[in-house]
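Source file: coords.cif (mmCIF, C-alpha atoms)
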data_data
#
loop_
_atom_site.label_atom_id
_atom_site.label_comp_id
_atom_site.auth_asym_id
_atom_site.auth_seq_id
_atom_site.Cartn_x
_atom_site.Cartn_y
_atom_site.Cartn_z
CA MET A 1 3.08 -24.09 20.50
CA THR A 2 4.82 -22.41 23.38
CA GLN A 3 4.31 -18.74 22.50
CA ARG A 4 2.02 -18.27 25.48
CA ALA A 5 -0.71 -20.40 26.99
CA SER A 6 -3.25 -17.69 26.24
CA LEU A 7 -2.72 -18.21 22.53
CA CYS A 8 -3.13 -21.98 22.58
CA TYR A 9 -6.18 -24.12 22.18
CA ASN A 10 -8.46 -23.95 25.21
CA GLU A 11 -11.32 -26.44 25.55
CA GLY A 12 -13.21 -24.00 27.79
CA THR A 13 -13.42 -21.34 25.09
CA MET A 14 -16.86 -22.33 23.81
CA LYS A 15 -18.29 -22.50 27.33
CA ASN A 16 -16.95 -19.02 28.06
CA ALA A 17 -18.31 -17.72 24.76
CA ASP A 18 -21.77 -19.05 25.67
CA PHE A 19 -21.52 -17.24 29.00
CA LEU A 20 -20.63 -13.99 27.23
CA ALA A 21 -23.46 -14.38 24.72
CA ASP A 22 -25.97 -14.89 27.55
CA GLU A 23 -24.70 -11.83 29.41
CA ILE A 24 -24.91 -9.65 26.29
CA PHE A 25 -28.47 -10.81 25.67
CA SER A 26 -29.58 -10.23 29.27
CA ARG A 27 -28.39 -6.62 29.12
CA TYR A 28 -28.91 -5.52 25.54
CA GLY A 29 -31.03 -8.11 23.74
CA ASN A 30 -30.07 -9.77 20.47
CA VAL A 31 -27.21 -8.48 18.37
CA LYS A 32 -28.97 -7.17 15.27
CA ARG A 33 -26.01 -5.99 13.21
CA ALA A 34 -22.21 -5.96 13.31
CA ARG A 35 -19.71 -3.86 11.43
CA GLY A 36 -16.03 -3.15 11.96
CA PRO A 37 -15.33 -3.49 15.69
CA PHE A 38 -18.93 -2.77 16.73
CA LEU A 39 -21.98 -4.83 17.62
CA TYR A 40 -25.41 -3.19 17.40
CA THR A 41 -28.10 -4.58 19.68
CA ALA A 42 -31.89 -4.77 19.76
CA LYS A 43 -32.03 -2.26 22.60
CA GLY A 44 -30.18 0.32 20.55
CA ARG A 45 -26.80 -0.03 22.25
CA ARG A 46 -23.57 -0.09 20.31
CA LEU A 47 -20.99 -2.39 21.87
CA THR A 48 -17.26 -2.23 21.16
CA ASP A 49 -15.99 -5.72 20.42
CA LEU A 50 -12.57 -6.64 21.81
CA TYR A 51 -13.30 -10.37 21.80
CA GLN A 52 -13.66 -10.44 18.02
CA GLU A 53 -14.83 -14.04 17.82
CA SER A 54 -11.67 -15.28 19.55
CA GLY A 55 -9.62 -13.48 16.91
CA ARG A 56 -11.46 -14.61 13.79
CA ALA A 57 -13.04 -11.16 13.44
CA ILE A 58 -9.73 -9.35 13.81
CA LEU A 59 -10.27 -7.79 10.36
CA GLY A 60 -13.72 -6.61 11.41
CA TRP A 61 -17.35 -7.67 11.18
CA GLY A 62 -19.34 -7.45 7.96
CA GLY A 63 -18.66 -5.61 4.74
CA CYS A 64 -15.54 -7.61 3.95
CA SER A 65 -14.62 -8.76 0.46
CA ALA A 66 -14.82 -12.40 1.61
CA TYR A 67 -18.55 -12.00 2.15
CA THR A 68 -18.93 -10.46 -1.30
CA MET A 69 -17.05 -13.34 -2.90
CA LEU A 70 -19.17 -15.87 -0.99
CA LYS A 71 -22.35 -14.32 -2.39
CA ASN A 72 -20.91 -14.19 -5.90
CA VAL A 73 -20.09 -17.90 -5.90
CA LEU A 74 -23.46 -18.78 -4.36
CA ASN A 75 -25.17 -16.88 -7.16
CA ARG A 76 -23.43 -19.11 -9.70
CA GLY A 77 -24.90 -22.19 -8.04
CA ALA A 78 -21.67 -24.21 -8.19
CA THR A 79 -21.90 -25.58 -4.68
CA GLY A 80 -21.69 -29.34 -5.18
CA PHE A 81 -19.00 -31.94 -4.49
CA TYR A 82 -17.25 -31.43 -7.85
CA ARG A 83 -14.08 -29.42 -8.43
CA THR A 84 -14.54 -25.81 -9.51
CA ASP A 85 -12.38 -22.79 -10.28
CA HIS A 86 -12.35 -22.13 -6.54
CA THR A 87 -11.13 -25.53 -5.37
CA TYR A 88 -7.45 -24.63 -5.24
CA ARG A 89 -7.77 -20.95 -4.35
CA LEU A 90 -7.45 -21.52 -0.61
CA ALA A 91 -4.25 -23.54 -1.01
CA LYS A 92 -2.80 -20.81 -3.23
CA ALA A 93 -3.74 -18.09 -0.73
CA VAL A 94 -2.28 -19.96 2.25
CA ASN A 95 0.95 -20.59 0.33
CA THR A 96 1.10 -16.86 -0.38
CA LEU A 97 0.66 -16.07 3.32
CA PHE A 98 3.25 -18.65 4.38
CA PRO A 99 5.97 -18.84 1.72
CA SER A 100 8.48 -21.63 2.36
CA GLY A 101 11.42 -20.75 0.19
CA GLY A 102 10.08 -22.51 -2.88
CA THR A 103 8.69 -25.51 -0.99
CA LYS A 104 4.97 -25.99 -1.47
CA ARG A 105 2.67 -26.43 1.52
CA ALA A 106 -0.14 -28.95 1.59
CA VAL A 107 -3.28 -27.25 2.92
CA LEU A 108 -5.64 -29.38 5.02
CA VAL A 109 -8.91 -28.17 6.53
CA PHE A 110 -10.16 -29.58 9.83
CA PRO A 111 -13.38 -29.05 11.81
CA SER A 112 -11.55 -27.71 14.87
CA LYS A 113 -8.25 -26.25 16.01
CA LYS A 114 -7.81 -29.17 18.39
CA ILE A 115 -7.77 -31.67 15.52
CA ALA A 116 -5.49 -29.45 13.42
CA VAL A 117 -2.98 -29.28 16.27
CA GLU A 118 -3.17 -33.05 16.84
CA GLU A 119 -2.56 -33.83 13.17
CA GLY A 120 0.22 -31.27 12.89
CA LEU A 121 2.11 -32.78 15.81
CA LYS A 122 1.79 -36.24 14.28
CA ILE A 123 3.61 -34.92 11.23
CA SER A 124 6.24 -32.78 12.97
CA ALA A 125 7.19 -31.49 16.40
CA ARG A 126 7.79 -28.17 14.65
CA THR A 127 4.11 -27.29 14.72
CA SER A 128 3.01 -23.79 15.73
CA ALA A 129 -0.21 -21.80 15.83
CA TYR A 130 -0.15 -18.55 13.87
CA HIS A 131 -1.50 -15.29 15.28
CA PRO A 132 -1.31 -12.20 13.04
CA TRP A 133 1.08 -9.45 14.19
CA HIS A 134 2.07 -11.33 17.35
CA GLN A 135 5.04 -13.53 16.44
CA ALA A 136 7.33 -11.31 14.41
CA GLU A 137 10.38 -13.21 15.66
CA VAL A 138 9.23 -16.55 14.23
CA ASP A 139 10.71 -17.70 10.93
CA TRP A 140 7.52 -19.22 9.55
CA ALA A 141 9.30 -20.60 6.50
CA ALA A 142 11.12 -22.97 8.88
CA VAL A 143 7.96 -24.13 10.68
CA ASP A 144 6.87 -27.49 9.27
CA CYS A 145 3.20 -27.32 10.27
CA ILE A 146 1.34 -24.03 10.72
CA VAL A 147 -2.06 -24.01 12.40
CA TYR A 148 -4.02 -21.13 10.89
CA GLU A 149 -7.48 -19.94 11.93
CA PRO A 150 -8.94 -18.01 8.98
CA THR A 151 -9.84 -14.40 9.67
CA LEU A 152 -13.46 -15.10 8.89
CA PRO A 153 -15.97 -14.36 11.69
CA TRP A 154 -18.51 -16.89 10.44
CA ALA A 155 -16.07 -19.78 9.96
CA GLY A 156 -16.95 -21.47 13.23
CA GLU A 157 -14.09 -23.61 14.54
CA THR A 158 -12.83 -24.65 11.10
CA THR A 159 -9.03 -24.51 11.07
CA VAL A 160 -6.37 -24.83 8.37
CA LEU A 161 -3.15 -26.82 8.70
CA ALA A 162 -0.41 -25.73 6.29
CA VAL A 163 2.21 -28.48 6.02
CA ARG A 164 5.55 -28.05 4.30
CA GLU A 165 5.71 -30.94 1.84
CA THR A 166 8.76 -33.19 1.81
CA PRO A 167 9.28 -36.74 0.51
CA GLU A 168 9.62 -37.88 4.14
CA ASN A 169 6.21 -36.65 5.29
CA ALA A 170 4.11 -37.48 2.22
CA GLU A 171 2.47 -40.51 3.85
CA LEU A 172 1.82 -38.62 7.10
CA ILE A 173 0.11 -35.83 5.16
CA LYS A 174 -2.01 -38.39 3.37
CA LEU A 175 -2.99 -39.99 6.68
CA ALA A 176 -3.86 -36.60 8.21
CA GLY A 177 -6.03 -35.94 5.18
CA THR A 178 -8.39 -38.71 6.23
CA ARG A 179 -9.62 -36.44 9.08
CA GLN A 180 -10.03 -33.27 7.07
CA ILE A 181 -13.31 -31.84 5.84
CA ARG A 182 -14.22 -30.68 2.36
CA LEU A 183 -15.46 -27.13 1.95
CA ALA A 184 -18.17 -26.14 -0.49
CA SER A 185 -16.92 -23.87 -3.27
CA PRO A 186 -18.42 -20.66 -1.82
CA MET A 187 -16.64 -21.27 1.48
CA GLU A 188 -13.37 -22.14 -0.28
CA GLU A 189 -13.54 -18.78 -2.03
CA ALA A 190 -14.47 -16.93 1.17
CA TYR A 191 -11.57 -18.54 3.09
CA ALA A 192 -9.19 -17.70 0.27
CA ARG A 193 -10.36 -14.09 0.02
CA SER A 194 -10.14 -13.59 3.79
CA THR A 195 -6.54 -14.84 3.63
CA TYR A 196 -5.67 -12.30 0.94
CA ASP A 197 -7.43 -9.63 3.02
CA LEU A 198 -5.18 -10.60 5.93
CA ILE A 199 -2.08 -10.31 3.75
CA THR A 200 -3.13 -6.77 2.86
CA ALA A 201 -3.91 -5.89 6.48
CA LEU A 202 -0.52 -7.20 7.64
CA ARG A 203 1.06 -4.65 5.33
CA ASP A 204 -1.25 -1.76 6.26
CA ARG A 205 -1.85 -2.08 10.02
CA LYS A 206 1.04 -1.01 12.19
CA GLU A 207 1.96 -0.19 15.78
CA LYS A 208 0.62 3.34 15.33
CA ASP A 209 -2.88 1.91 14.96
CA TRP A 210 -2.76 0.27 18.39
CA PHE A 211 -0.67 2.37 20.77
CA ILE A 212 -3.09 5.32 20.56
CA TYR A 213 -5.24 3.60 23.19
CA ASP A 214 -2.43 2.70 25.60
CA ASN A 215 -2.89 5.44 28.19
CA LEU A 216 -6.55 4.45 28.54
CA ILE A 217 -6.11 0.69 28.84
CA ASN A 218 -2.66 0.02 30.29
CA SER A 219 -4.02 -0.24 33.82
CA TYR A 220 -5.86 -3.41 32.84
CA TRP A 221 -3.90 -4.99 29.99
CA THR A 222 -0.39 -5.52 28.70
CA ARG A 223 -0.49 -4.92 24.96
CA LYS A 224 1.59 -6.88 22.46
CA GLY A 225 0.74 -5.70 18.97
CA PRO A 226 -3.07 -5.75 18.82
CA TYR A 227 -3.38 -8.38 21.58
CA LEU A 228 -4.31 -7.46 25.14
CA PHE A 229 -3.16 -9.72 27.99
CA PRO A 230 -4.97 -9.06 31.29
CA LYS A 231 -3.29 -7.55 34.33
CA VAL A 232 -6.46 -8.21 36.32
CA PRO A 233 -5.97 -11.13 38.74
CA GLU A 234 -7.43 -14.32 37.30
CA GLU A 235 -9.77 -14.80 40.25
CA ARG A 236 -11.33 -11.39 39.54
CA TYR A 237 -11.36 -11.63 35.77
CA ALA A 238 -15.01 -12.75 35.43
CA ALA A 239 -16.10 -9.68 37.41
CA PHE A 240 -13.96 -7.51 35.11
CA VAL A 241 -15.64 -9.03 32.03
CA LEU A 242 -19.06 -8.05 33.40
CA HIS A 243 -17.84 -4.60 34.47
CA CYS A 244 -16.66 -3.90 30.92
CA LEU A 245 -19.86 -5.28 29.46
CA ASP A 246 -21.91 -2.94 31.63
CA LEU A 247 -19.91 -0.12 30.04
CA GLY A 248 -20.56 -1.37 26.50
CA ILE A 249 -17.14 -3.01 26.01
CA VAL A 250 -17.05 -6.71 25.07
CA ILE A 251 -13.75 -8.33 26.10
CA SER A 252 -12.56 -11.90 25.90
CA PRO A 253 -14.51 -14.03 28.39
CA ASP A 254 -11.52 -16.37 28.72
CA TYR A 255 -8.60 -15.26 30.87
CA ASN A 256 -6.30 -17.36 28.69
CA GLN A 257 -7.50 -15.83 25.42
CA PRO A 258 -6.33 -12.24 24.83
CA SER A 259 -8.68 -9.45 23.94
CA ILE A 260 -7.87 -7.48 20.78
CA VAL A 261 -7.54 -3.74 20.17
CA PRO A 262 -10.61 -2.63 18.17
CA PHE A 263 -9.06 -1.34 14.94
CA GLY A 264 -10.73 1.86 13.79
CA ALA A 265 -12.57 2.60 17.04
CA ASP A 266 -12.48 6.10 18.50
CA ARG A 267 -10.50 6.56 21.72
CA GLY A 268 -13.76 7.63 23.32
CA VAL A 269 -14.94 4.03 23.61
CA PHE A 270 -12.37 3.57 26.39
CA GLU A 271 -12.98 6.90 28.11
CA VAL A 272 -15.96 5.33 29.86
CA LEU A 273 -13.64 2.71 31.38
CA LYS A 274 -11.32 5.44 32.60
CA LYS A 275 -14.25 7.28 34.18
CA ASN A 276 -15.62 4.06 35.71
CA PRO A 277 -12.48 2.23 36.88
CA PHE A 278 -12.40 -1.40 37.97
CA SER A 279 -10.65 -2.07 41.26
CA LEU A 280 -7.71 -4.42 40.91
CA ASP A 281 -7.47 -5.00 44.68
#
Whole structure, structure tokens version:
Amino acid sequence: MTQRASLCYNEGTMKNADFLADEIFSRYGNVKRARGPFLYTAKGRRLTDLYQESGRAILGWGGCSAYTMLKNVLNRGATGFYRTDHTYRLAKAVNTLFPSGGTKRAVLVFPSKKIAVEEGLKISARTSAYHPWHQAEVDWAAVDCIVYEPTLPWAGETTVLAVRETPENAELIKLAGTRQIRLASPMEEAYARSTYDLITALRDRKEKDWFIYDNLINSYWTRKGPYLFPKVPEERYAAFVLHCLDLGIVISPDYNQPSIVPFGADRGVFEVLKKNPFSLD
């Protein structure tokens, strides 16, 4: 959990998100629709989303196969407490994302990242939060407990803990399971499908999809993969958030949570920032 503080759990994230939501509303009204990296507002303004629901919308808003699968399962009506064909799909998907050299991972679902981190550390000091495309140097097969936030924009704070199963930690896994939540079948399928979508995106999205914006944004951020770490002084960051919002660009409201390159957006969305620079002094 030492990759960088900006990628760790931050208890102020929700408060900052509320601030951002209020500022969007005061300028542009309600968000009426979202697709890809864009938010469409009641006042007819299209906003470019670099916050991306604190990373959960990194695959984009709306139109994803996870949403389609959610609707399909809902239409079947199998949404009760009982086991269904979808019950084990999430565990299978997470094990596909994080292979462990033949060792199976137990998959636990918690109501928040904070709890997932707490329970992971109780099981093993080798607990790490996963961020797509950011930690290429990490041998994830050797990480005992992986904290994984599904790439599902409407998942709230729900977080997965993938624990490498060994005879030594069986009782600890069982104890951690007493704090987990049970997902309804439609959500199990949506989480599983979003995980497979991520596996596909990890194969398809490369450095070429992110560096095309560098000459427009490198005055304000240091880019690592799709993640943007601010160069703006922390004491001026709130003003920078509002400056960007005035220009139709939604960035992370939390200095310690990176913004994300908007995959598929035209370079023109950043031209306005170049034409209306923010003073770093």
Once the PyMOL selection byres ((chain A and resi 100) around 9) is applied to the coordinates I shared, what remains selected? I want it as a PDB file with C-alpha atoms, in the coordinates of the input.
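Output file selection-v2.pdb is given in full below:
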ATOM      1  CA  ASN A  95       0.950 -20.590   0.330  1.00  0.00           C
ATOM      2  CA  PHE A  98       3.250 -18.650   4.380  1.00  0.00           C
ATOM      3  CA  PRO A  99       5.970 -18.840   1.720  1.00  0.00           C
ATOM      4  CA  GLY A 101      11.420 -20.750   0.190  1.00  0.00           C
ATOM      5  CA  GLY A 102      10.080 -22.510  -2.880  1.00  0.00           C
ATOM      6  CA  THR A 103       8.690 -25.510  -0.990  1.00  0.00           C
ATOM      7  CA  LYS A 104       4.970 -25.990  -1.470  1.00  0.00           C
ATOM      8  CA  ARG A 105       2.670 -26.430   1.520  1.00  0.00           C
ATOM      9  CA  TRP A 140       7.520 -19.220   9.550  1.00  0.00           C
ATOM     10  CA  ALA A 141       9.300 -20.600   6.500  1.00  0.00           C
ATOM     11  CA  ALA A 142      11.120 -22.970   8.880  1.00  0.00           C
ATOM     12  CA  VAL A 143       7.960 -24.130  10.680  1.00  0.00           C
ATOM     13  CA  ARG A 164       5.550 -28.050   4.300  1.00  0.00           C
TER      14      ARG A 164
END
Suppose you want the space between CA of Asp18 in chain A and CA of Pro226 in chain A; what is it in Å?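 Going from CA of Asp18 in chain A over to CA of Pro226 in chain A covers 23.9 Å.
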Distance of CA of Lys231 in chain A from CA of Asp214 in chain A, expressed in Å to one decimal place: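 About the pair CA of Asp214 in chain A and CA of Lys231 in chain A: they are 13.5 Å apart.
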Write out as a PyMOL selection string which residues come within 8 Å of range 46-52 of chain A when counting all atoms listed in the file, dropping same-chain ones fewer than 3 positions away. chain A and resi 37-41+55-58+60+153+248-253+258-262+265+269
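Close contacts of Ala93 in chain A, defined as residues with an atom at most 7 Å away when counting only C-alpha atoms, with chain neighbours fewer than 4 positions off set aside, comprise Arg89, Leu97, Ala192, Thr195 and Tyr196 of chain A.
Nearest residue to Ile212 in chain A among A:Glu234, A:Arg267, A:Lys174, A:Ala239 is A:Arg267, counting all atoms listed in the file.
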Could you give me, as a ChimeraX atom specification, the residues within 12 Å of Leu202 in chain A, counting all atoms listed in the file and dropping anything in the same chain fewer than 2 positions from it? /A:58-59,97,131-134,136,151,195-200,204-207,209,225-226
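Selection result for the displayed file, with the PyMOL selection byres ((chain A and resi 17) around 10) as criterion, is A:Gly12, A:Thr13, A:Met14, A:Lys15, A:Asn16, A:Asp18, A:Phe19, A:Leu20, A:Ala21, A:Asp22, A:Glu23, A:Tyr51, A:Glu53, A:Ser54, A:Ser252, A:Pro253, A:Asp254.
Closest approach to Ser194 in chain A among A:Val94, A:Ile24, A:Leu273, A:Ala170 is made by A:Val94 (distances from all atoms listed in the file).
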